[in-house]
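Chemist: I have a structure here, written as structure tokens, and I will follow up with some questions on it.
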Amino acid sequence: MIQEFHHPTSIAEAVRLRQASPASLYFAGGTEINSITWPSRPVGEFVTAILLDRLPLGDVTTADGAVTIGANVTIQELVDRPGVPPMLATAASQFSSRSVRHMGTVGGNIASNGSCSNLAPVLLALDASVELADAAGQRFVPLVDYLEHQDREALILAFRIPNGWQSRRWAVQKHCRTAIDVPIVAIGLTCGGNAQRIEQPIIALNGAVPHATRLTALEQRLHGQPLPSRDEVDDLVRQLVQSADDLRGSAAFKRHLAAVMISDGLREALDAKG
Amino acid sequence: MKIRVQINGVPRQLDVEPGERATAVLRRQGALVLRDGCNGEGICGICSIHYDGKLVNSCLLSAAQLDGHSIVTVDHYRRQRTLSIVQASLLDAGVSQCGYCTPAMVMAIEDVLSRSPTPTKAEVRDGLSGVFCRCTGYEQYYTAVETASRRLADPDYVPPKVQEFAQDLRLVGKQRRKVDGPKLVRGDKAYVEDMVEPGSCILKMVRSPHAHAYIRQIDTTEAEKVPGVVYILTHKNCPDVYYNQAGQGFPEPSPYDRKLISEKVRHVGDRVAAIVAETWEAAEEAAAKLVVDYEVLPPVMTIEQAAAPGAPLIHNSHLAYVVGAPEGLEEDNRLADPRDGRVIYQFPIHANPRKNIAASVHGHIGDVDQGFRDADVVIEREYESSQIQSTSTETHVVYTKMDGDRLVIHASTQVPFHLRRIVAAILGTSENNIRVIKERVGGGYGAKQDIVLEEVPAYLTWITGRSIYQRFTREEQFIACRTRHVMKIRVKLGAKRDGTLTAMYMDLQANTGPYGSHCLTVPMNACSKSLPLFLCDNIGFNVTTYYSNIAPTGAYQGYGAPKGSFALQLAMAELAEKLGVDHYALVDKNRVREGAMLEILRCLGEGREGKAERAGSCGLGPAMERGAEHIAWGKREESGDPDVKIGKGFAIIQQGSGLPGLDSANAEIKLLSDGTFMLLSGGADLGTGLDTVTSKFAAEALCCELKDVAVISADTDITPFDCGAYASKGTYFSGGAALNAANALRERILDAAAQMTKQARDTLEVVYPSKVVGPSKTVTFAEVAHFSEAGDGCGQLTAMGHYTSDKSSIPYGAHFAQVAVNTRTGKVTVQKFFALQDAGTPVNPELALGQIYGGVLKTIGHSLWEEMIYDDTGRCLNPNFLDYKVPMIEDVPETFVAELIDIHDEHGPYGTKSISEVACNGAAPAIASAIHDAVGVWMRSWPFSAEKVLRALGSIR
């Protein structure tokens, strides 16, 4: 059980507290951390929680077409607040339940970096970068790099979605057993161009893989090309996705789902279904 | 740490442990209504509060997160005893059943209405998405929210009533608020956990990590030294009393194959040691210091493994029979291993533990082989079903304490009187030393028929004198409680070209797990509640139940019938395809009709000889016609998406109304001084509305207002004997007893009134409201009461009522499903579901509809998502709500309609039949046949997961 909570009111104070205690962790909405500590399972070695709710990280701002979303913005606020790209709002609305959406934050969701996030592939597809703070100061890193090489010392301050998302085509899909389940597969993809010539696609996947990831080989294969047949895309994705059996399904099932969801998502985005 | 928090508008400064849950903090502040259904996973939502105006799960909040924030609980809406608009609307919609989640639903609805005073269906669905309700199927919440929304604008708004029945009666068949409803929607103290007194001990059960093992040694020395530890019970110091936990009437058809704690563990989660301690922390520390040495045995997990020659034996025990011991028993017992203990049978159930066979039975009518020879078409198919759990929001829970030298058990049970009998036997005392009080039950669904925890704290309170509280975790609810038996059912059907059935045969193998709870009767019920739906001269069945090392099985709403129904109904759909005839037409041609002789019931007694019976009232015809009309049977639907195919399917269903010839119920009713009544019913209301049923019956018979009858039920010190709430018997038996008591009291009132008014007895009549009318004088019940209670009177007027029956009064129904199957992802979406059911005269029509919705949605969950998954060692991998998926409101079919067929049963009290279990029998076969209609594959194994559909379609291998 966490023994002490700190309530910093500035980012610098939060970072100092984190540096001062190796057995500390940042604590946002708490939906992830609290749900794994009941009734007597300690959160690893962590005894100190640094609550983030008094930090100024709750804004959604736009400037020159870019959107900055504070880490403390709740998942429900992603649905409700103006300025959030519709693609991200759609993914947030697919996150059940409302009670958890009221508490969970986008920063906490991404920081948990698990296979269960359906927001992470969407932020990847929006080419988001993440603003971090640690003892060395504040910096932006591409989200794809953050997820791949997560620095758990760093505090997420915000996500920045660069200008250009407005004109890109997109699709969001999530497959789970029931509405309140974690996704077996979640995808987010964006692209320019059209079905005759796809431009700079970004295709991201989660659920079937340990954490959200981009299928860059598929992106490169599709860039500048007409949309291939469904079977062709299906086969390409199946070759790229490595998955594992678990109680939600076999690796073969998850590979299949990833393939058809990406393939159908591309058609949906390019308005080429059927 | 100190925190400042505003609770329901009142600022408070509290000392809290930093990491503890907000739920615990708020409960200490009196918010007992914040309950725990998922151990803090944040799935069930029954701990919901408003946190700075937003609906959240308090279990997902640390105490520290309360600091500086505003909290609202359901107490905020309390205005003395007056219900809020939302609370009243929930009652009017009949949507509060067990009531355990109801206060959380109040919070969710208040949240919805605060954001959207006239919410759309989508907004309601979204707003209630985080609260799990297993009873109701969610559909009537939409009605409740609409009623509340309209009343907020117009407090005098009167919502439209549901269809009412029995026009000649005042109360029966009419919509009335549930008599225990107000305290449930207010969140008053009502459940076992609310009765626990400060200073009580807790019981922690140390459970086996192995599926199959002997306990070679167990050392409690260090554990007993932990301060606060009161007592540790192991197999070495527990009484040598064998019993069965099934909670059935005596003599039980289930074997006595367990002690409180055995030397052999037979499933992961089996009992190893019970630690009674003054704090949870002390119990945990003691558990960690317990030293157990296991001799691990190979686990037996499947029917095939259990039946294999040379399979490890689960009960290589010494066998004994109270009556009917087979020849050669003594020789057979030489094979027993003393560490396996004993098995005692009250009578033969054709078991053979040396082959892992827990029970078996077979029977037939006619000449089955000849029937198949006479057929033009014969099909033979095998159907499988998974292990599922009833997942009541309130896990199994008990509180035991001493009252002087008597033991008191506050129980969440369906069988208070069986519980008293079984505990008395284990304690070696008499029943008059034990009082069982059934509190409100936070979801029973059959699983609380089984006595899965009560007897251990009862014994330990008896010997230590300490009050003890035990509550299962959600994990224990899966691994150490009760689940539906796993079954494999081979169905063989023969028919003429014109569709006439010539022979039917069901060969059923069941997996009962480690103990034989309901091992004969649940699998048998799969046959006895499915075969009589069809008229055929040649019918046979064979049932074999095997022991294994899966988590224990037992009773669960439907009691085997859902699995038998799935197999037989889907086989009929397959037969229709083979014959090239319409499924509906084939069923209609062969289905049971009123007056038909049900010969097969001769072979289907519950551990005794059965009796052929003529089918009584039967609403199957109108149910099928209405359902077909609703779903536009025969009309092909298109989705507009080439990857999504639409299909339709249906099934006919039946259950029973208690166990004729086996069950009995009693009630007592007293006339009070002011002319009102106190009804003492032995019946156990699980939230189904039984207390309302018995009250209505009494008030109807006594020509008084419903409010003039107060009911106390299921308290073994106060109320007379009742078998308990199982086998769909509540309305029929417990209701019948209340009616008989009321009728008897009416006669006594007439006697007294005749004496009082000096009018001829046969000229008097009991007339509404609460009076006796004669040719020359009318007296009120109050006047009769004063007369009888006076010094020269005849004494307080009371009467007993007893009810037994040899009639089945079978409830029937037809369920229709429309599904959309995505051929790319395998996802099956139930778009429409129509449940048409014949419950005789529904006593509480709105509650009856809720029972149907709830039963159907449970079975949709079982059909599509729910299954317990094990690894090779026998460990369940998904004993929680994150991984075992139960349906929430967002999973409900977009069109979900329950309808009651207006049928009067000639035998049931006021024409009633049962309602609760039959609703579980239709969804699986209706959905499976709809999937076939959509994409041409037969899903013979549930759940019909997306992966299984894709494999059936050949999309993945």
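The way I read the labels, and the way they are meant: chains A, B, ... in the order of the structure tokens, residue 1 as the first residue of every chain, and ligand 1 as the first ligand shown, with later ones counted on from there.
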Please, which residues in chain B fall within 7 Å of chain A when counting only C-alpha atoms, and what is the closest atom pair and distance in Å to one decimal for each, ordered by chain then residue number, as CSV?
Modeler:
```
residue,atom,partner,partner_atom,distance
B:Pro18,CA,A:Glu4,CA,5.7
B:Gly19,CA,A:Ile2,CA,4.9
B:Asn39,CA,A:Trp38,CA,6.4
B:Gly40,CA,A:Ser35,CA,5.6
B:Glu41,CA,A:Ser35,CA,4.7
B:Gly42,CA,A:Ser35,CA,6.6
B:Lys54,CA,A:His102,CA,6.7
B:Leu55,CA,A:Ser99,CA,5.5
B:Val56,CA,A:Ser99,CA,4.5
B:Asn57,CA,A:Ser99,CA,6.3
B:Leu60,CA,A:Asn34,CA,5.4
B:Leu61,CA,A:Gly30,CA,6.5
B:Ser62,CA,A:Asn34,CA,6.9
B:Ala64,CA,A:Phe5,CA,6.7
B:Asp126,CA,A:Arg98,CA,6.4
B:Gly127,CA,A:Arg98,CA,6.3
B:Ser129,CA,A:Ser97,CA,5.2
B:Gly130,CA,A:Ser97,CA,4.8
B:Arg824,CA,A:Val260,CA,6.4
B:Thr825,CA,A:Leu257,CA,6.0
B:Trp865,CA,A:Arg177,CA,6.4
B:Leu882,CA,A:Asp181,CA,6.7
B:Lys885,CA,A:Thr178,CA,6.6
B:Pro887,CA,A:Thr178,CA,6.7
B:Glu890,CA,A:Ala179,CA,6.1
B:Asp891,CA,A:Ala179,CA,6.3
B:Glu947,CA,A:Phe253,CA,6.1
B:Ile956,CA,A:Phe253,CA,6.8
```
Chemist: Show which residues sit within 12 Å of Val886 (chain B), as a ChimeraX atom specification. Count only C-alpha atoms, and ignore same-chain residues fewer than 5 positions away.
Modeler: /A:177-181 /B:38,43-44,131-135,137,388-393,857-868,878-881,891-892
Chemist: Per residue of region 158-211 of chain A within 7 Å of region 127-135 of chain A, what are the shortest atom pair and its distance in Å to one decimal, counting only C-alpha atoms, with rows by chain and residue number, as a tab-separated table?
Modeler:
```
residue	atom	partner	partner_atom	distance
A:Ala158	CA	A:Glu131	CA	5.1
A:Phe159	CA	A:Val130	CA	4.5
A:Arg160	CA	A:Ser129	CA	5.3
A:Ile161	CA	A:Ala128	CA	4.5
A:Pro162	CA	A:Ala128	CA	6.7
```
Chemist: Please, could you write that set of residues out with all heavy atoms as a compact mmCIF listing (two decimals), in the first residue's frame?
Modeler:
```
# COMPACT_ATOMS: atom_id res chain seq x y z
N ALA A 158 2.05 16.98 -21.38
CA ALA A 158 1.03 17.23 -22.41
C ALA A 158 1.33 16.40 -23.65
O ALA A 158 2.42 15.83 -23.79
CB ALA A 158 1.01 18.71 -22.77
N PHE A 159 0.35 16.39 -24.53
CA PHE A 159 0.52 15.77 -25.85
C PHE A 159 0.29 16.86 -26.89
O PHE A 159 -0.65 17.65 -26.76
CB PHE A 159 -0.49 14.63 -26.04
CG PHE A 159 -0.33 13.55 -25.01
CD1 PHE A 159 -1.01 13.60 -23.81
CD2 PHE A 159 0.55 12.51 -25.23
CE1 PHE A 159 -0.84 12.63 -22.85
CE2 PHE A 159 0.73 11.52 -24.27
CZ PHE A 159 0.03 11.59 -23.07
N ARG A 160 1.15 16.89 -27.87
CA ARG A 160 0.96 17.90 -28.93
C ARG A 160 0.70 17.18 -30.24
O ARG A 160 1.49 16.33 -30.68
CB ARG A 160 2.19 18.80 -29.06
CG ARG A 160 1.91 19.97 -30.01
CD ARG A 160 2.99 21.00 -29.96
NE ARG A 160 4.25 20.45 -30.45
CZ ARG A 160 5.40 21.09 -30.39
NH1 ARG A 160 5.48 22.28 -29.82
NH2 ARG A 160 6.52 20.54 -30.86
N ILE A 161 -0.40 17.56 -30.84
CA ILE A 161 -0.78 17.00 -32.14
C ILE A 161 -0.49 18.07 -33.18
O ILE A 161 -1.08 19.17 -33.12
CB ILE A 161 -2.26 16.60 -32.15
CG1 ILE A 161 -2.50 15.51 -31.10
CG2 ILE A 161 -2.71 16.14 -33.53
CD1 ILE A 161 -3.95 15.28 -30.76
N PRO A 162 0.43 17.79 -34.08
CA PRO A 162 0.85 18.86 -35.01
C PRO A 162 -0.26 19.23 -35.99
O PRO A 162 -1.16 18.43 -36.27
CB PRO A 162 2.05 18.24 -35.71
CG PRO A 162 1.84 16.77 -35.63
CD PRO A 162 1.13 16.52 -34.35
```
Chemist: What's the 12 Å shell around Leu157 (chain A), counting only C-alpha atoms, without same-chain residues fewer than 5 positions away, as a short mmCIF file (atom, residue, chain, number, x, y, z; two decimals) with N, CA, C and O atoms, in the first residue's frame?
Modeler:
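So result30.cif came out as:
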```cif
data_model
loop_
_atom_site.label_atom_id
_atom_site.label_comp_id
_atom_site.auth_asym_id
_atom_site.auth_seq_id
_atom_site.Cartn_x
_atom_site.Cartn_y
_atom_site.Cartn_z
N SER A 10 3.33 22.69 -8.35
CA SER A 10 4.06 23.12 -9.54
C SER A 10 4.79 21.92 -10.14
O SER A 10 5.06 20.93 -9.44
N ILE A 11 5.09 22.04 -11.40
CA ILE A 11 5.79 20.94 -12.07
C ILE A 11 7.17 20.74 -11.47
O ILE A 11 7.61 19.61 -11.24
N ALA A 12 7.81 21.85 -11.17
CA ALA A 12 9.16 21.74 -10.59
C ALA A 12 9.11 20.99 -9.26
O ALA A 12 9.96 20.13 -8.98
N ALA A 14 6.86 18.82 -8.34
CA ALA A 14 6.56 17.40 -8.62
C ALA A 14 7.82 16.65 -9.02
O ALA A 14 8.08 15.53 -8.55
N VAL A 15 8.59 17.26 -9.89
CA VAL A 15 9.82 16.61 -10.36
C VAL A 15 10.81 16.44 -9.20
O VAL A 15 11.45 15.40 -9.06
N TYR A 26 4.31 8.85 -10.07
CA TYR A 26 3.32 9.89 -10.37
C TYR A 26 1.94 9.26 -10.38
O TYR A 26 1.75 8.14 -10.86
N ALA A 28 -2.01 10.07 -11.28
CA ALA A 28 -2.98 11.00 -11.92
C ALA A 28 -4.39 10.64 -11.47
O ALA A 28 -4.73 10.83 -10.31
N LEU A 52 -1.05 14.47 -9.05
CA LEU A 52 -0.85 15.48 -10.08
C LEU A 52 -2.04 16.41 -10.24
O LEU A 52 -2.02 17.31 -11.09
N ASP A 53 -3.08 16.22 -9.44
CA ASP A 53 -4.33 16.92 -9.74
C ASP A 53 -4.27 18.42 -9.46
O ASP A 53 -5.17 19.15 -9.86
N LEU A 55 -1.65 20.24 -10.48
CA LEU A 55 -0.74 20.82 -11.47
C LEU A 55 -1.56 21.41 -12.62
O LEU A 55 -2.64 20.92 -12.94
N PRO A 56 -1.03 22.42 -13.24
CA PRO A 56 -1.78 23.08 -14.33
C PRO A 56 -1.68 22.30 -15.64
O PRO A 56 -1.09 22.77 -16.62
N LEU A 57 -2.24 21.15 -15.66
CA LEU A 57 -2.11 20.26 -16.83
C LEU A 57 -3.48 19.87 -17.39
O LEU A 57 -3.62 18.83 -18.01
N GLY A 58 -4.47 20.71 -17.16
CA GLY A 58 -5.83 20.31 -17.53
C GLY A 58 -6.39 21.03 -18.74
O GLY A 58 -7.61 20.96 -18.98
N ASP A 59 -5.55 21.67 -19.53
CA ASP A 59 -6.08 22.47 -20.65
C ASP A 59 -6.00 21.74 -21.98
O ASP A 59 -5.12 20.90 -22.20
N VAL A 60 -6.90 22.13 -22.85
CA VAL A 60 -6.80 21.76 -24.27
C VAL A 60 -6.68 23.07 -25.03
O VAL A 60 -7.56 23.93 -24.95
N THR A 68 -2.73 21.08 -28.26
CA THR A 68 -1.99 20.60 -27.09
C THR A 68 -2.99 20.17 -26.02
O THR A 68 -3.90 20.92 -25.66
N ILE A 69 -2.82 18.96 -25.58
CA ILE A 69 -3.75 18.39 -24.60
C ILE A 69 -2.98 18.10 -23.32
O ILE A 69 -2.03 17.30 -23.32
N GLY A 70 -3.39 18.75 -22.24
CA GLY A 70 -2.71 18.54 -20.96
C GLY A 70 -2.88 17.12 -20.47
O GLY A 70 -3.91 16.47 -20.70
N ALA A 71 -1.87 16.67 -19.75
CA ALA A 71 -1.88 15.27 -19.30
C ALA A 71 -3.02 14.97 -18.36
O ALA A 71 -3.49 13.83 -18.26
N ASN A 72 -3.51 15.99 -17.64
CA ASN A 72 -4.58 15.74 -16.67
C ASN A 72 -5.97 15.79 -17.29
O ASN A 72 -6.97 15.63 -16.57
N VAL A 73 -6.05 16.04 -18.57
CA VAL A 73 -7.37 16.03 -19.22
C VAL A 73 -7.94 14.62 -19.10
O VAL A 73 -7.27 13.63 -19.41
N THR A 105 -7.09 9.75 -16.79
CA THR A 105 -6.56 10.88 -17.56
C THR A 105 -5.80 10.36 -18.77
O THR A 105 -5.32 9.21 -18.78
N VAL A 106 -5.66 11.22 -19.75
CA VAL A 106 -4.94 10.81 -20.95
C VAL A 106 -3.47 10.57 -20.61
O VAL A 106 -2.84 9.64 -21.13
N GLY A 107 -2.93 11.37 -19.70
CA GLY A 107 -1.54 11.17 -19.31
C GLY A 107 -1.34 9.83 -18.63
O GLY A 107 -0.40 9.09 -18.94
N GLY A 108 -2.22 9.49 -17.72
CA GLY A 108 -2.12 8.21 -17.02
C GLY A 108 -2.29 7.04 -17.96
O GLY A 108 -1.60 6.02 -17.85
N ILE A 110 -1.58 6.88 -21.15
CA ILE A 110 -0.40 6.67 -21.99
C ILE A 110 0.79 6.21 -21.15
O ILE A 110 1.56 5.33 -21.56
N ALA A 111 0.91 6.77 -19.95
CA ALA A 111 2.05 6.39 -19.10
C ALA A 111 1.99 4.92 -18.70
O ALA A 111 3.03 4.29 -18.49
N SER A 129 3.38 14.16 -30.27
CA SER A 129 4.59 14.09 -29.45
C SER A 129 4.17 14.35 -28.01
O SER A 129 3.08 14.86 -27.74
N VAL A 130 5.05 13.97 -27.13
CA VAL A 130 4.70 14.07 -25.72
C VAL A 130 5.69 15.00 -25.03
O VAL A 130 6.90 14.93 -25.29
N GLU A 131 5.17 15.90 -24.23
CA GLU A 131 6.04 16.82 -23.49
C GLU A 131 6.33 16.21 -22.12
O GLU A 131 5.41 15.84 -21.38
N LEU A 132 7.61 16.11 -21.82
CA LEU A 132 8.03 15.46 -20.59
C LEU A 132 8.79 16.45 -19.71
O LEU A 132 9.37 17.42 -20.21
N ALA A 133 8.78 16.17 -18.43
CA ALA A 133 9.58 16.97 -17.50
C ALA A 133 10.33 16.03 -16.57
O ALA A 133 9.78 15.04 -16.09
N ASP A 134 11.59 16.34 -16.38
CA ASP A 134 12.38 15.63 -15.38
C ASP A 134 13.47 16.56 -14.89
O ASP A 134 13.42 17.77 -15.15
N GLY A 137 14.93 19.06 -17.19
CA GLY A 137 14.09 20.11 -17.75
C GLY A 137 12.92 19.54 -18.51
O GLY A 137 12.52 18.39 -18.30
N GLN A 138 12.37 20.36 -19.41
CA GLN A 138 11.20 19.94 -20.17
C GLN A 138 11.58 19.76 -21.62
O GLN A 138 12.41 20.50 -22.16
N ARG A 139 10.94 18.78 -22.28
CA ARG A 139 11.29 18.51 -23.67
C ARG A 139 10.14 17.78 -24.34
O ARG A 139 9.32 17.16 -23.68
N PHE A 140 10.10 17.85 -25.65
CA PHE A 140 9.14 17.07 -26.43
C PHE A 140 9.86 15.86 -27.04
O PHE A 140 10.99 16.00 -27.53
N VAL A 141 9.21 14.73 -27.01
CA VAL A 141 9.74 13.58 -27.75
C VAL A 141 8.57 12.97 -28.54
O VAL A 141 7.42 13.05 -28.11
#
```
Chemist: Per DSSP on the backbone, filter region 70-165 of chain B down to the residues in alpha helix (DSSP H) and report them as an MDAnalysis selection string.
Modeler: chainID B and resid 85:92 102:115 121:127 139:153
Chemist: Using only C-alpha atoms, which residue out of A:Gln76, A:Pro228, A:Val144, A:Ile198 lies closest to Ala125 (chain A)?
Modeler: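 Answer, going by the shortest atom-to-atom distance: A:Val144.
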Chemist: So, counting only C-alpha atoms, which residue among B:Gly564, B:Gly922, B:Gly465, B:Pro842 is closest to Asp905 (chain B)?
Modeler: B:Pro842
Chemist: So that I can check the surroundings of Leu662 (chain B), please list as a list in words every protein, DNA and RNA residue that reaches within 9 Å of it, counting only C-alpha atoms and ignoring chain neighbours fewer than 4 positions away.
Modeler: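 Neighbouring residues, sequence-local ones excluded: Gly249, Glu606, Gly658, Thr804, Ser805 and Asp806 of chain B.
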Chemist: Using only N, CA, C and O atoms, please write the residues we just selected to a file, as a short mmCIF file (atom, residue, chain, number, x, y, z; two decimals), in the first residue's frame.
Modeler:
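The resulting file, selection_13.cif, is reproduced below:
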```cif
data_model
loop_
_atom_site.label_atom_id
_atom_site.label_comp_id
_atom_site.auth_asym_id
_atom_site.auth_seq_id
_atom_site.Cartn_x
_atom_site.Cartn_y
_atom_site.Cartn_z
N GLY B 249 -33.57 -30.54 -0.05
CA GLY B 249 -34.42 -31.17 0.95
C GLY B 249 -33.88 -32.54 1.34
O GLY B 249 -33.26 -33.24 0.53
N GLU B 606 -36.71 -36.74 -9.43
CA GLU B 606 -35.43 -36.27 -8.88
C GLU B 606 -34.94 -37.25 -7.83
O GLU B 606 -35.20 -37.09 -6.64
N GLY B 658 -41.47 -25.40 -9.05
CA GLY B 658 -41.13 -26.18 -7.88
C GLY B 658 -41.09 -27.66 -8.21
O GLY B 658 -41.21 -28.07 -9.37
N THR B 804 -48.44 -28.01 -0.56
CA THR B 804 -47.72 -29.02 -1.35
C THR B 804 -48.49 -29.19 -2.65
O THR B 804 -49.64 -28.73 -2.77
N SER B 805 -47.88 -29.87 -3.60
CA SER B 805 -48.58 -30.07 -4.86
C SER B 805 -48.02 -31.29 -5.57
O SER B 805 -46.83 -31.60 -5.43
N ASP B 806 -48.85 -31.95 -6.32
CA ASP B 806 -48.35 -33.01 -7.19
C ASP B 806 -48.46 -32.58 -8.65
O ASP B 806 -48.35 -33.39 -9.55
#
```
Chemist: Got a sec: who's within 8 Å of Ala212 (chain A), counting only C-alpha atoms, leaving out chain neighbours fewer than 4 positions off, as a PDB file with all heavy atoms, in the first residue's frame?
Modeler:
```pdb
ATOM      1  N   ASN A 113       1.208   2.591 -20.590  1.00  0.00           N
ATOM      2  CA  ASN A 113       1.897   1.975 -21.729  1.00  0.00           C
ATOM      3  C   ASN A 113       1.592   0.477 -21.854  1.00  0.00           C
ATOM      4  O   ASN A 113       2.495  -0.326 -22.087  1.00  0.00           O
ATOM      5  CB  ASN A 113       3.413   2.191 -21.611  1.00  0.00           C
ATOM      6  CG  ASN A 113       4.096   2.025 -22.960  1.00  0.00           C
ATOM      7  OD1 ASN A 113       3.433   1.984 -23.999  1.00  0.00           O
ATOM      8  ND2 ASN A 113       5.406   1.921 -22.940  1.00  0.00           N
ATOM      9  N   GLY A 114       0.342   0.136 -21.707  1.00  0.00           N
ATOM     10  CA  GLY A 114      -0.019  -1.276 -21.818  1.00  0.00           C
ATOM     11  C   GLY A 114      -0.744  -1.562 -23.114  1.00  0.00           C
ATOM     12  O   GLY A 114      -1.034  -0.662 -23.916  1.00  0.00           O
ATOM     13  N   SER A 115      -1.071  -2.813 -23.276  1.00  0.00           N
ATOM     14  CA  SER A 115      -1.770  -3.216 -24.499  1.00  0.00           C
ATOM     15  C   SER A 115      -3.242  -2.807 -24.462  1.00  0.00           C
ATOM     16  O   SER A 115      -3.945  -2.918 -25.452  1.00  0.00           O
ATOM     17  CB  SER A 115      -1.674  -4.729 -24.679  1.00  0.00           C
ATOM     18  OG  SER A 115      -2.346  -5.375 -23.614  1.00  0.00           O
ATOM     19  N   SER A 117      -4.589   0.170 -23.969  1.00  0.00           N
ATOM     20  CA  SER A 117      -4.965   1.540 -24.349  1.00  0.00           C
ATOM     21  C   SER A 117      -5.427   1.603 -25.795  1.00  0.00           C
ATOM     22  O   SER A 117      -4.695   1.203 -26.703  1.00  0.00           O
ATOM     23  CB  SER A 117      -3.773   2.483 -24.163  1.00  0.00           C
ATOM     24  OG  SER A 117      -4.096   3.746 -24.702  1.00  0.00           O
ATOM     25  N   ALA A 120      -3.712   5.227 -27.258  1.00  0.00           N
ATOM     26  CA  ALA A 120      -2.326   5.304 -27.716  1.00  0.00           C
ATOM     27  C   ALA A 120      -2.197   5.142 -29.231  1.00  0.00           C
ATOM     28  O   ALA A 120      -1.507   5.956 -29.872  1.00  0.00           O
ATOM     29  CB  ALA A 120      -1.483   4.270 -26.975  1.00  0.00           C
ATOM     30  N   PRO A 121      -2.850   4.153 -29.851  1.00  0.00           N
ATOM     31  CA  PRO A 121      -2.696   4.056 -31.311  1.00  0.00           C
ATOM     32  C   PRO A 121      -3.273   5.268 -32.038  1.00  0.00           C
ATOM     33  O   PRO A 121      -2.769   5.647 -33.105  1.00  0.00           O
ATOM     34  CB  PRO A 121      -3.437   2.770 -31.676  1.00  0.00           C
ATOM     35  CG  PRO A 121      -4.298   2.440 -30.514  1.00  0.00           C
ATOM     36  CD  PRO A 121      -3.620   3.011 -29.323  1.00  0.00           C
ATOM     37  N   LEU A 147       6.843   5.530 -26.202  1.00  0.00           N
ATOM     38  CA  LEU A 147       6.247   4.221 -25.933  1.00  0.00           C
ATOM     39  C   LEU A 147       7.272   3.102 -26.076  1.00  0.00           C
ATOM     40  O   LEU A 147       7.228   2.104 -25.360  1.00  0.00           O
ATOM     41  CB  LEU A 147       5.067   3.983 -26.877  1.00  0.00           C
ATOM     42  CG  LEU A 147       3.868   4.924 -26.697  1.00  0.00           C
ATOM     43  CD1 LEU A 147       2.818   4.671 -27.775  1.00  0.00           C
ATOM     44  CD2 LEU A 147       3.239   4.767 -25.313  1.00  0.00           C
ATOM     45  N   ALA A 204      -1.329   2.516 -36.684  1.00  0.00           N
ATOM     46  CA  ALA A 204      -0.903   2.115 -35.337  1.00  0.00           C
ATOM     47  C   ALA A 204      -1.860   1.068 -34.775  1.00  0.00           C
ATOM     48  O   ALA A 204      -3.050   1.033 -35.096  1.00  0.00           O
ATOM     49  CB  ALA A 204      -0.845   3.328 -34.421  1.00  0.00           C
ATOM     50  N   LEU A 205      -1.291   0.259 -33.922  1.00  0.00           N
ATOM     51  CA  LEU A 205      -1.996  -0.936 -33.440  1.00  0.00           C
ATOM     52  C   LEU A 205      -1.738  -1.101 -31.946  1.00  0.00           C
ATOM     53  O   LEU A 205      -0.654  -0.774 -31.459  1.00  0.00           O
ATOM     54  CB  LEU A 205      -1.427  -2.138 -34.207  1.00  0.00           C
ATOM     55  CG  LEU A 205      -1.797  -3.539 -33.762  1.00  0.00           C
ATOM     56  CD1 LEU A 205      -3.241  -3.831 -34.140  1.00  0.00           C
ATOM     57  CD2 LEU A 205      -0.862  -4.551 -34.444  1.00  0.00           C
ATOM     58  N   ASN A 206      -2.736  -1.629 -31.252  1.00  0.00           N
ATOM     59  CA  ASN A 206      -2.530  -2.020 -29.861  1.00  0.00           C
ATOM     60  C   ASN A 206      -3.425  -3.218 -29.565  1.00  0.00           C
ATOM     61  O   ASN A 206      -4.225  -3.630 -30.402  1.00  0.00           O
ATOM     62  CB  ASN A 206      -2.807  -0.865 -28.899  1.00  0.00           C
ATOM     63  CG  ASN A 206      -2.024  -1.000 -27.603  1.00  0.00           C
ATOM     64  OD1 ASN A 206      -1.277  -1.965 -27.405  1.00  0.00           O
ATOM     65  ND2 ASN A 206      -2.186  -0.045 -26.701  1.00  0.00           N
ATOM     66  N   GLY A 207      -3.298  -3.760 -28.373  1.00  0.00           N
ATOM     67  CA  GLY A 207      -4.109  -4.906 -27.974  1.00  0.00           C
ATOM     68  C   GLY A 207      -3.437  -6.215 -28.290  1.00  0.00           C
ATOM     69  O   GLY A 207      -3.139  -6.991 -27.382  1.00  0.00           O
TER      70      GLY A 207
END
```
